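Remarks on the structure that follows.
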2 protein chains.
Amino acid sequence: MSGNNETPLPNKYENFNKWYNEILQRAELVDLRYGVKGFVVYRPNSAMIMRQVYRFFEEELDKLKHAPCIFPVVIPLEFFKKEAQHIKGFLDEVFWVTRAGQHDLNKPLLLRPTSETAMYPLYAFWIRSYKDLPLKLYQSNSVYRYETKATKPLLRGREFFWIEAHCAHRTREDAELQVLEDMKVMSRALHEVLGVPFMLLERPPWDRFAGADKTYAFDVLFPDRSVLQIATTHVLGENFSRAFEIMYKDEDGELKYVQQTCFGIGVSRILATLISVHGDEYGLVLPFDVAPTQVVIVPILFKENGEAVMEKCRVIFERLRERGYRVVLDDSDERPGAKFYQWELIGVPVRVEIGPRDIEKGVVTLFRRDTRERMAVAEGELEGKIEELRKDILRVLRERGERWLEENLKEIGSKEALMELARRGGIGKMPFCGREECAGEIKAMTGGFEVRGVRVGEKWGNLGICAVCGNEAKQVVYIAKPY
Amino acid sequence: MSGNNETPLPNKYENFNKWYNEILQRAELVDLRYGVKGFVVYRPNSAMIMRQVYRFFEEELDKLKHAPCIFPVVIPLEFFKKEAQHIKGFLDEVFWVTRAGQHDLNKPLLLRPTSETAMYPLYAFWIRSYKDLPLKLYQSNSVYRYETKATKPLLRGREFFWIEAHCAHRTREDAELQVLEDMKVMSRALHEVLGVPFMLLERPPWDRFAGADKTYAFDVLFPDRSVLQIATTHVLGENFSRAFEIMYKDEDGELKYVQQTCFGIGVSRILATLISVHGDEYGLVLPFDVAPTQVVIVPILFKENGEAVMEKCRVIFERLRERGYRVVLDDSDERPGAKFYQWELIGVPVRVEIGPRDIEKGVVTLFRRDTRERMAVAEGELEGKIEELRKDILRVLRERGERWLEENLKEIGSKEALMELARRGGIGKMPFCGREECAGEIKAMTGGFEVRGVRVGEKWGNLGICAVCGNEAKQVVYIAKPY
């Protein structure tokens with residue numbers, strides 16, 4: 001602990017890279033000195049946030065009748081190569097395990113880049129009849145991709161942490177409904193728990209997941225005006241079930257291929273998002289529901305009345321703990337200012353300060369991390385006020401994010417406007433012909449801006465012409481530079 | 001679901017292998033058809049038990065001021081080879097990642113067989129002063145060991161799931177106290193939560209963890225009279241801190257090496273233990289506290305009064321859920337008998353049956369899985385009775401296990417008695433000279449029985465002579481055949 005005389009962090013909108021690297025280090029989130037490119041060490045402050053995020057999504061999936069499972073980290077080559085598009089998409093990205101002990105393996109194994117080809121051979125064993133459907137399984141695990149682009153901690157690494165849910169359904173309609181359910185889970189989490197505005201986009205055909213018929217993705221706008229994909233859900237249709245021969249006997253006695261979907265929730269990317277979208281010059285700002293510590297109690301001690309203050313703090317601590325809050329009583333020897341600095345740095349949403357004057361008045365002092373406001377609250381109203389803050393912190397964070405998204409979303413009607421987007425960053429909304437060539441031209445002329453797809457549920461009026469080629473526009477797409 | 005007309009499983013004491021393989025399959029615990037030796041698929045029924053075991057131990061460690069962290073699955077060779085004994089112990093067991101995409105890696109990486117050499121280079125960065133100590137971090141993860149012995153699902157595999165806790169302390173005394181704390185955590189868990197009797201042994205010098213000064217291990221006796229090591233804690237002393245230069249400036253201004261310990265809790269092995277030690281001819285029998293479903297409610301429906309029964313079931317379900325139990329209301333269309341069979345198979349500790357006659361009498365029928373007894377309980381006393389059962393099921397399971405351990409623990413005073421132990425299986429208690437040569441002779445003559453070490457806390461009287469070589473005995477050791 002280094003006291004409260006640290007200078008604030010840089011402004012994240014002005015110098016995101018500097019801010020990001022500094023907050024990772026100062027808040028002791030990840031350590032970049034592991035010595036293997038693309039692999040980082042998650043320190044307790046980030047591991048505890050990831051645990052909350054994992055638990056939240058696991059509970060959501062459990063409620064929707066998914067069940068957890070664990071598949072091996074290694075995939076045998078013969079499984080991996082069964083689906084032609086899939087292996088084409090991933091072959092340049094996989095890590096190979098070729099030796100064990102002093103021996104070469106007869107058959108090389110790969111570290112899973114995603115688990116379709118690990119799981120689906122077993123789905124073929126497990127699914128026999130329509131009564132076995134739907135099969136909805138998920139794994140909370142890490143996957144390995146040999147990223148050739150520049151890596152960036154938590155945003156783009158070679159080891160990342162996620163949940164992958166894989167469903168097998170009876171009909172195409174059921175599969176489409178599953179993907180809708182996945183979208184709802186993720187939208188609700190972002191809106192009602194994480195407070196992160198997003199764009200839900202259907203990716204263009206050339207940017208689909210390898211082996212998918214349709215890919216839907218959640219993009220989040222970062223403070224440097226680039227976007228990060230934090231979750232995807234895919235209609236796989238019969239592409240994998242044909243390759244892996246996953247068939248069921250239907251009620252009519254006929255053997256049919258299952259209709260599949262898969263859903264990936266990027267937990268380490270959600271961590272990056274929480275840090276980046278909500279953080280400020282004082283450190284992290286965490287939404288209440290996923291904060292590892294939701295409330296910290298800091299005694300304000302003077303020479304006299306020390307024991308009365310500590311006693312009150314312990315009583316309040318017990319009260320909040322029994323209410324189910326994740327609460328810490330900071331009874332260390334640091335000065336209050338140093339404590340404030342540290343707890344703000346790691347984003348604890350609510351601080352309770354209790355000093356002799358508070359006790360005299362029958363109040364406690366609350367500090368909310370999001371707005372950094374202090375307020376006195378009657379002791380008896382503490383829990384009610386915390387519940388109020390839980391909601392209001394979420395609202396404030398979400399509204400800040402929404403403002404950022406709005407400010408950086410521009411209509412694009414010409415190549416000049418595209419070049420302006422490329423200079424300024426952010427997201428462009430543009431009438432588009434739908435052709436991959438045109439997307440390639442956009443990427444080349446802007447130095448990396450991509451057609452991220454059409455917004456799910458958006459209705460179009462008169463589309464006019466594609467802002468790039470001048471041909472008839474078929475859709476409205478969103479354009480941004482991804483990590 | 002296949003109805004309740006399945007034949008019971010074999011007797012586990014008479015044919016453990018058959019019983020074990022059949023329960024794994026019938027209770028849908030793990031699938032052995034993954035096609036890579038030593039790697040299995042954890043189906044929901046086992047993944048959910050592992051989750052409960054993980055959460056229990058994570059909470060225990062958190063309470064004792066450990067903090068979670070996540071290190072990469074790959075370890076660079078230069079880290080791995082720093083501690084001489086450690087690399088010697090593990091080099092024949094590691095999986096090597098040598099290629100990525102289409103390229104050979106410049107520096108090969110290994111899949112962690114354990115994380116000392118991943119974590120301690122960072123400990124050297126993080127620890128500067130005595131104020132940084134103790135550092136107590138743990139990881140919940142999987143490790144990879146190329147086992148050359150026969151593999152057996154969950155008992156001995158090439159991928160296993162565990163918690164590894166790594167502590168750095170200021171003094172040797174603190175490190176020794178840490179190991180005592182680890183022993184208490186594990187003993188308490190086995191005794192008060194898992195209901196599994198154990199032997200806590202200090203391993204002989206030749207069987208220590210590679211790089212440890214002292215190794216303490218928890219052995220559990222299985223139904224086939226072999227033993228499984230399910231947890232270990234080690235005093236590492238300065239062996240790793242010297243190799244990795246982990247030093248701190250003490251209060252006296254001097255630079256000193258930290259004193260280290262590490263503690264491994266085998267979660268997939270605990271799963272194997274719960275299955276094997278508690279299971280019976282009807283399937284799993286789970287202790288209440290780690291059962292994924294603690295209470296299942298089965299409505300007993302007749303043509304009439306169906307809605308009243310369902311309504312009562314829903315009310316009871318809500319009541320138990322609000323009390324914090326993991327409870328399921330089985331409202332599927334199966335017959336009650338088929339439901340009973342399935343829920344017994346996966347070891348749900350308490351079943352609540354509610355039919356029209358129960359409602360008339362104001363009672364519910366409780367079924368406890370451990371003794372398979374039914375009892376009527378007044379509706380108002382349900383929660384109290386469940387709490388009583390929670391404790392009593394634990395007691396019954398523990399006492400069964402204790403009886404098994406006692407029955408199979410024999411004093412060994414001669415080579416003949418050793419050979420008898422080898423024929424019969426179980427654990428031998430023997431005066432021993434303490435020499436590795438003698439342990440080697442025991443292993444050779446018995447076909448694999450090992451000196452597992454001295455029992456922690458055991459007091460010896462007059463030791464007499466070593467039962468093998470006839471030299472003066474220095475200790476009393478326990479001898480068993482490990483998995």
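Chain lettering (A, B, ...) mirrors the order of the structure tokens, residue numbering begins at 1 for each chain separately, and ligand numbering begins at 1 in order of display.
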Please identify every residue of chain A that has at least one atom no farther than 9 Å from an atom of chain B, counting only C-alpha atoms, and for each give the shortest atom pair and the distance in Å to one decimal, arranged by chain then increasing number, as a Markdown table.
| residue | atom | partner | partner_atom | distance |
| --- | --- | --- | --- | --- |
| A:Asp31 | CA | B:Leu122 | CA | 8.3 |
| A:Arg33 | CA | B:Leu122 | CA | 7.6 |
| A:Tyr34 | CA | B:Leu122 | CA | 7.3 |
| A:Gly35 | CA | B:Pro76 | CA | 7.6 |
| A:Val36 | CA | B:Pro76 | CA | 7.0 |
| A:Phe39 | CA | B:Pro72 | CA | 6.2 |
| A:Val40 | CA | B:Pro72 | CA | 6.7 |
| A:Val41 | CA | B:Phe71 | CA | 4.9 |
| A:Tyr42 | CA | B:Ile70 | CA | 4.9 |
| A:Arg43 | CA | B:Cys69 | CA | 5.0 |
| A:Pro44 | CA | B:Cys69 | CA | 4.9 |
| A:Asn45 | CA | B:Cys69 | CA | 8.2 |
| A:Ser46 | CA | B:Cys69 | CA | 7.8 |
| A:Ala47 | CA | B:Cys69 | CA | 5.2 |
| A:Met48 | CA | B:Pro68 | CA | 6.7 |
| A:Ala67 | CA | B:Pro44 | CA | 5.7 |
| A:Pro68 | CA | B:Pro44 | CA | 5.2 |
| A:Cys69 | CA | B:Pro44 | CA | 4.9 |
| A:Ile70 | CA | B:Tyr42 | CA | 4.9 |
| A:Phe71 | CA | B:Val41 | CA | 4.9 |
| A:Pro72 | CA | B:Phe39 | CA | 6.2 |
| A:Val73 | CA | B:Glu159 | CA | 8.4 |
| A:Val74 | CA | B:Val36 | CA | 8.4 |
| A:Ile75 | CA | B:Val36 | CA | 8.1 |
| A:Pro76 | CA | B:Val36 | CA | 7.0 |
| A:Phe90 | CA | B:Gly101 | CA | 8.4 |
| A:Leu91 | CA | B:Gly101 | CA | 6.0 |
| A:Asp92 | CA | B:Gly101 | CA | 3.9 |
| A:Glu93 | CA | B:Gly101 | CA | 4.8 |
| A:Val94 | CA | B:Gly101 | CA | 5.1 |
| A:Phe95 | CA | B:Ala100 | CA | 4.2 |
| A:Trp96 | CA | B:Arg99 | CA | 5.0 |
| A:Val97 | CA | B:Val97 | CA | 4.3 |
| A:Thr98 | CA | B:Trp96 | CA | 6.3 |
| A:Arg99 | CA | B:Trp96 | CA | 5.0 |
| A:Ala100 | CA | B:Phe95 | CA | 4.2 |
| A:Gly101 | CA | B:Asp92 | CA | 3.9 |
| A:Gln102 | CA | B:Asp92 | CA | 6.1 |
| A:His103 | CA | B:Asp92 | CA | 8.9 |
| A:Leu109 | CA | B:Val36 | CA | 8.8 |
| A:Leu110 | CA | B:Val97 | CA | 8.7 |
| A:Leu111 | CA | B:Val97 | CA | 8.8 |
| A:Ala118 | CA | B:Tyr34 | CA | 8.1 |
| A:Met119 | CA | B:Val41 | CA | 8.9 |
| A:Pro121 | CA | B:Tyr34 | CA | 8.0 |
| A:Leu122 | CA | B:Tyr34 | CA | 7.3 |
| A:Phe125 | CA | B:Arg33 | CA | 8.9 |
| A:Leu137 | CA | B:Pro44 | CA | 7.9 |
| A:Arg145 | CA | B:Ala100 | CA | 8.6 |
| A:Tyr146 | CA | B:Ala100 | CA | 6.3 |
| A:Glu159 | CA | B:Pro72 | CA | 7.4 |
Could you please take those selected residues and save C-alpha atoms as a PDB file, in the first residue's frame?
ATOM      1  CA  ASP A  31       0.914  -8.973 -14.448  1.00  0.00           C
ATOM      2  CA  ARG A  33       5.905 -10.199 -16.864  1.00  0.00           C
ATOM      3  CA  TYR A  34       5.149 -13.892 -17.346  1.00  0.00           C
ATOM      4  CA  GLY A  35       7.471 -14.107 -20.287  1.00  0.00           C
ATOM      5  CA  VAL A  36       5.264 -15.933 -22.790  1.00  0.00           C
ATOM      6  CA  PHE A  39      -0.231 -15.096 -21.685  1.00  0.00           C
ATOM      7  CA  VAL A  40      -0.840 -13.009 -18.586  1.00  0.00           C
ATOM      8  CA  VAL A  41      -1.139 -13.636 -14.873  1.00  0.00           C
ATOM      9  CA  TYR A  42      -4.453 -12.773 -13.234  1.00  0.00           C
ATOM     10  CA  ARG A  43      -3.824 -11.393  -9.786  1.00  0.00           C
ATOM     11  CA  PRO A  44      -6.460 -11.693  -7.027  1.00  0.00           C
ATOM     12  CA  ASN A  45      -8.165  -8.386  -7.868  1.00  0.00           C
ATOM     13  CA  SER A  46      -8.996  -9.586 -11.371  1.00  0.00           C
ATOM     14  CA  ALA A  47      -9.451 -13.274 -10.530  1.00  0.00           C
ATOM     15  CA  MET A  48     -12.125 -12.288  -8.007  1.00  0.00           C
ATOM     16  CA  ALA A  67     -25.918 -28.063 -17.419  1.00  0.00           C
ATOM     17  CA  PRO A  68     -22.184 -27.749 -16.769  1.00  0.00           C
ATOM     18  CA  CYS A  69     -19.657 -30.245 -18.070  1.00  0.00           C
ATOM     19  CA  ILE A  70     -15.884 -30.457 -18.480  1.00  0.00           C
ATOM     20  CA  PHE A  71     -14.111 -31.667 -21.598  1.00  0.00           C
ATOM     21  CA  PRO A  72     -10.355 -32.191 -21.944  1.00  0.00           C
ATOM     22  CA  VAL A  73      -8.108 -29.281 -22.921  1.00  0.00           C
ATOM     23  CA  VAL A  74      -6.548 -31.397 -25.673  1.00  0.00           C
ATOM     24  CA  ILE A  75      -8.350 -32.398 -28.842  1.00  0.00           C
ATOM     25  CA  PRO A  76      -7.192 -35.274 -31.021  1.00  0.00           C
ATOM     26  CA  PHE A  90      -8.611 -22.505 -36.941  1.00  0.00           C
ATOM     27  CA  LEU A  91      -5.651 -24.443 -38.299  1.00  0.00           C
ATOM     28  CA  ASP A  92      -3.308 -21.460 -38.327  1.00  0.00           C
ATOM     29  CA  GLU A  93      -4.231 -20.619 -34.751  1.00  0.00           C
ATOM     30  CA  VAL A  94      -3.780 -23.806 -32.796  1.00  0.00           C
ATOM     31  CA  PHE A  95      -1.079 -24.830 -30.365  1.00  0.00           C
ATOM     32  CA  TRP A  96       0.160 -28.389 -30.822  1.00  0.00           C
ATOM     33  CA  VAL A  97       1.153 -30.821 -28.103  1.00  0.00           C
ATOM     34  CA  THR A  98       3.595 -33.151 -29.835  1.00  0.00           C
ATOM     35  CA  ARG A  99       5.721 -34.630 -27.050  1.00  0.00           C
ATOM     36  CA  ALA A 100       5.245 -36.101 -23.602  1.00  0.00           C
ATOM     37  CA  GLY A 101       8.071 -36.914 -21.244  1.00  0.00           C
ATOM     38  CA  GLN A 102      10.978 -37.877 -23.483  1.00  0.00           C
ATOM     39  CA  HIS A 103       8.798 -39.242 -26.282  1.00  0.00           C
ATOM     40  CA  LEU A 109      -2.969 -33.247 -29.856  1.00  0.00           C
ATOM     41  CA  LEU A 110      -4.065 -29.655 -30.056  1.00  0.00           C
ATOM     42  CA  LEU A 111      -5.007 -27.276 -27.272  1.00  0.00           C
ATOM     43  CA  ALA A 118     -14.093 -32.025 -28.615  1.00  0.00           C
ATOM     44  CA  MET A 119     -17.736 -32.165 -27.595  1.00  0.00           C
ATOM     45  CA  PRO A 121     -18.176 -36.735 -31.035  1.00  0.00           C
ATOM     46  CA  LEU A 122     -19.644 -37.388 -27.580  1.00  0.00           C
ATOM     47  CA  PHE A 125     -22.979 -41.059 -28.474  1.00  0.00           C
ATOM     48  CA  LEU A 137     -24.302 -28.151 -22.017  1.00  0.00           C
ATOM     49  CA  ARG A 145      -5.409 -19.393 -29.945  1.00  0.00           C
ATOM     50  CA  TYR A 146      -2.114 -18.487 -31.495  1.00  0.00           C
ATOM     51  CA  GLU A 159      -5.159 -17.839 -23.557  1.00  0.00           C
TER      52      GLU A 159
END
**Prompt:** DSSP says strand (DSSP E) for which residues of segment 269-418 of chain B? Put them as a PyMOL selection string?
**Reply:** chain B and resi 295-299+327-329+350-354+363-368+373-378+409-411
Selection above as a file: N, CA and C atoms, as a compact mmCIF listing (two decimals), in the first residue's frame:
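Saved file part.txt follows:
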# COMPACT_ATOMS: atom_id res chain seq x y z
N VAL B 295 -32.14 -31.86 -1.91
CA VAL B 295 -33.48 -32.39 -1.64
C VAL B 295 -34.23 -32.46 -2.97
N VAL B 296 -34.86 -33.60 -3.23
CA VAL B 296 -35.73 -33.69 -4.40
C VAL B 296 -37.15 -33.94 -3.90
N ILE B 297 -38.10 -33.25 -4.50
CA ILE B 297 -39.51 -33.43 -4.14
C ILE B 297 -40.20 -34.20 -5.26
N VAL B 298 -40.81 -35.32 -4.89
CA VAL B 298 -41.51 -36.13 -5.88
C VAL B 298 -43.00 -36.18 -5.53
N PRO B 299 -43.83 -35.63 -6.37
CA PRO B 299 -45.28 -35.72 -6.14
C PRO B 299 -45.77 -37.14 -6.42
N VAL B 327 -32.72 -27.47 -4.10
CA VAL B 327 -33.88 -28.35 -4.13
C VAL B 327 -34.45 -28.41 -5.54
N VAL B 328 -34.94 -29.56 -5.92
CA VAL B 328 -35.56 -29.76 -7.23
C VAL B 328 -36.95 -30.34 -7.03
N LEU B 329 -37.92 -29.82 -7.77
CA LEU B 329 -39.24 -30.43 -7.80
C LEU B 329 -39.34 -31.22 -9.10
N VAL B 350 -31.70 -36.47 0.33
CA VAL B 350 -33.04 -36.48 0.94
C VAL B 350 -34.11 -36.36 -0.15
N ARG B 351 -35.09 -37.23 -0.07
CA ARG B 351 -36.22 -37.14 -0.99
C ARG B 351 -37.47 -36.86 -0.19
N VAL B 352 -38.28 -35.96 -0.68
CA VAL B 352 -39.57 -35.65 -0.06
C VAL B 352 -40.64 -36.19 -1.01
N GLU B 353 -41.47 -37.10 -0.50
CA GLU B 353 -42.58 -37.63 -1.30
C GLU B 353 -43.87 -37.05 -0.74
N ILE B 354 -44.70 -36.55 -1.60
CA ILE B 354 -45.97 -35.98 -1.14
C ILE B 354 -47.12 -36.55 -1.98
N VAL B 363 -48.67 -34.50 6.82
CA VAL B 363 -47.26 -34.92 6.88
C VAL B 363 -46.65 -34.92 5.48
N VAL B 364 -45.36 -35.11 5.43
CA VAL B 364 -44.68 -35.45 4.18
C VAL B 364 -43.86 -36.70 4.48
N THR B 365 -43.57 -37.46 3.41
CA THR B 365 -42.75 -38.66 3.60
C THR B 365 -41.32 -38.32 3.20
N LEU B 366 -40.40 -38.59 4.11
CA LEU B 366 -38.98 -38.36 3.81
C LEU B 366 -38.29 -39.68 3.55
N PHE B 367 -37.36 -39.67 2.59
CA PHE B 367 -36.55 -40.84 2.29
C PHE B 367 -35.10 -40.40 2.37
N ARG B 368 -34.31 -41.11 3.17
CA ARG B 368 -32.89 -40.75 3.23
C ARG B 368 -32.09 -41.76 2.41
N GLU B 373 -34.09 -45.42 4.28
CA GLU B 373 -35.26 -45.49 5.17
C GLU B 373 -36.27 -44.41 4.81
N ARG B 374 -37.54 -44.75 5.01
CA ARG B 374 -38.64 -43.79 4.84
C ARG B 374 -39.17 -43.39 6.21
N MET B 375 -39.62 -42.15 6.32
CA MET B 375 -40.24 -41.73 7.58
C MET B 375 -41.27 -40.64 7.30
N ALA B 376 -42.33 -40.61 8.09
CA ALA B 376 -43.33 -39.54 7.96
C ALA B 376 -42.95 -38.42 8.91
N VAL B 377 -43.04 -37.19 8.42
CA VAL B 377 -42.67 -36.03 9.23
C VAL B 377 -43.78 -35.01 9.12
N ALA B 378 -44.18 -34.44 10.27
CA ALA B 378 -45.19 -33.38 10.23
C ALA B 378 -44.68 -32.24 9.35
N LEU B 409 -7.15 -52.49 8.69
CA LEU B 409 -5.88 -52.00 9.22
C LEU B 409 -5.29 -53.08 10.12
N LYS B 410 -4.16 -53.61 9.74
CA LYS B 410 -3.59 -54.73 10.51
C LYS B 410 -2.16 -54.41 10.95
N GLU B 411 -1.84 -54.89 12.13
CA GLU B 411 -0.46 -54.78 12.62
C GLU B 411 0.39 -55.80 11.87
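Nearest-residue note for Leu274 of chain A: choosing from A:Gly306, A:Gly89, A:Gly434, A:Gly195, the minimum distance belongs to A:Gly195, counting only C-alpha atoms.
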**Message:** Between A:Tyr123, A:Phe198, A:Phe432, A:Phe317, which residue has the minimum interatomic distance to Leu463 of chain A, considering only C-alpha atoms?
**Reply:**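 Closest to Leu463 of chain A, using only C-alpha atoms: A:Phe432.
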**Request:** Please identify all polymer residues within 10 Å of Trp460 of chain A, counting only C-alpha atoms, omitting same-chain residues fewer than 6 positions from it, and present them as a list of chain:residue names.
**Result:** A:Pro431, A:Lys474, A:Gln475, A:Val476
Keeping N, CA and C atoms for every residue in the selection just given, could you write it to a file as a CSV table (one decimal), in the first residue's frame?
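That gives us selection21.csv:
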chain,number,residue,atom,x,y,z
A,431,PRO,N,-25.2,2.7,-45.4
A,431,PRO,CA,-25.9,1.9,-46.3
A,431,PRO,C,-24.8,1.1,-47.1
A,474,LYS,N,-28.2,-2.8,-49.9
A,474,LYS,CA,-29.1,-3.9,-49.5
A,474,LYS,C,-29.4,-3.9,-48.0
A,475,GLN,N,-28.6,-3.2,-47.3
A,475,GLN,CA,-28.7,-3.2,-45.8
A,475,GLN,C,-28.0,-2.0,-45.2
A,476,VAL,N,-28.2,-1.9,-43.9
A,476,VAL,CA,-27.5,-0.8,-43.2
A,476,VAL,C,-26.5,-1.6,-42.3
**Item:** Contacts of segment 211-223 of chain A at 6 Å (only C-alpha atoms; same-chain gap of 6+ positions) as number ranges by chain
**Value:** A: 13, 85-86, 198-203, 229-236
**Request:** Please identify all polymer residues within 10 Å of Gly470 of chain B, counting only C-alpha atoms, omitting same-chain residues fewer than 3 positions from it, and present them as a PyMOL selection string.
**Result:** chain B and resi 414+431-433+464-467+473
Could you pull the residues within 6 Å of segment 268-273 of chain B, counting only C-alpha atoms, minus those fewer than 5 positions along the same chain, as a compact mmCIF listing (two decimals) with C-alpha atoms, in the first residue's frame?
# COMPACT_ATOMS: atom_id res chain seq x y z
CA LEU B 154 -10.69 -39.82 -11.82
CA LEU B 155 -8.16 -41.80 -9.76
CA PHE B 161 -8.54 -31.02 -11.41
CA ILE B 230 -6.26 -37.04 -2.33
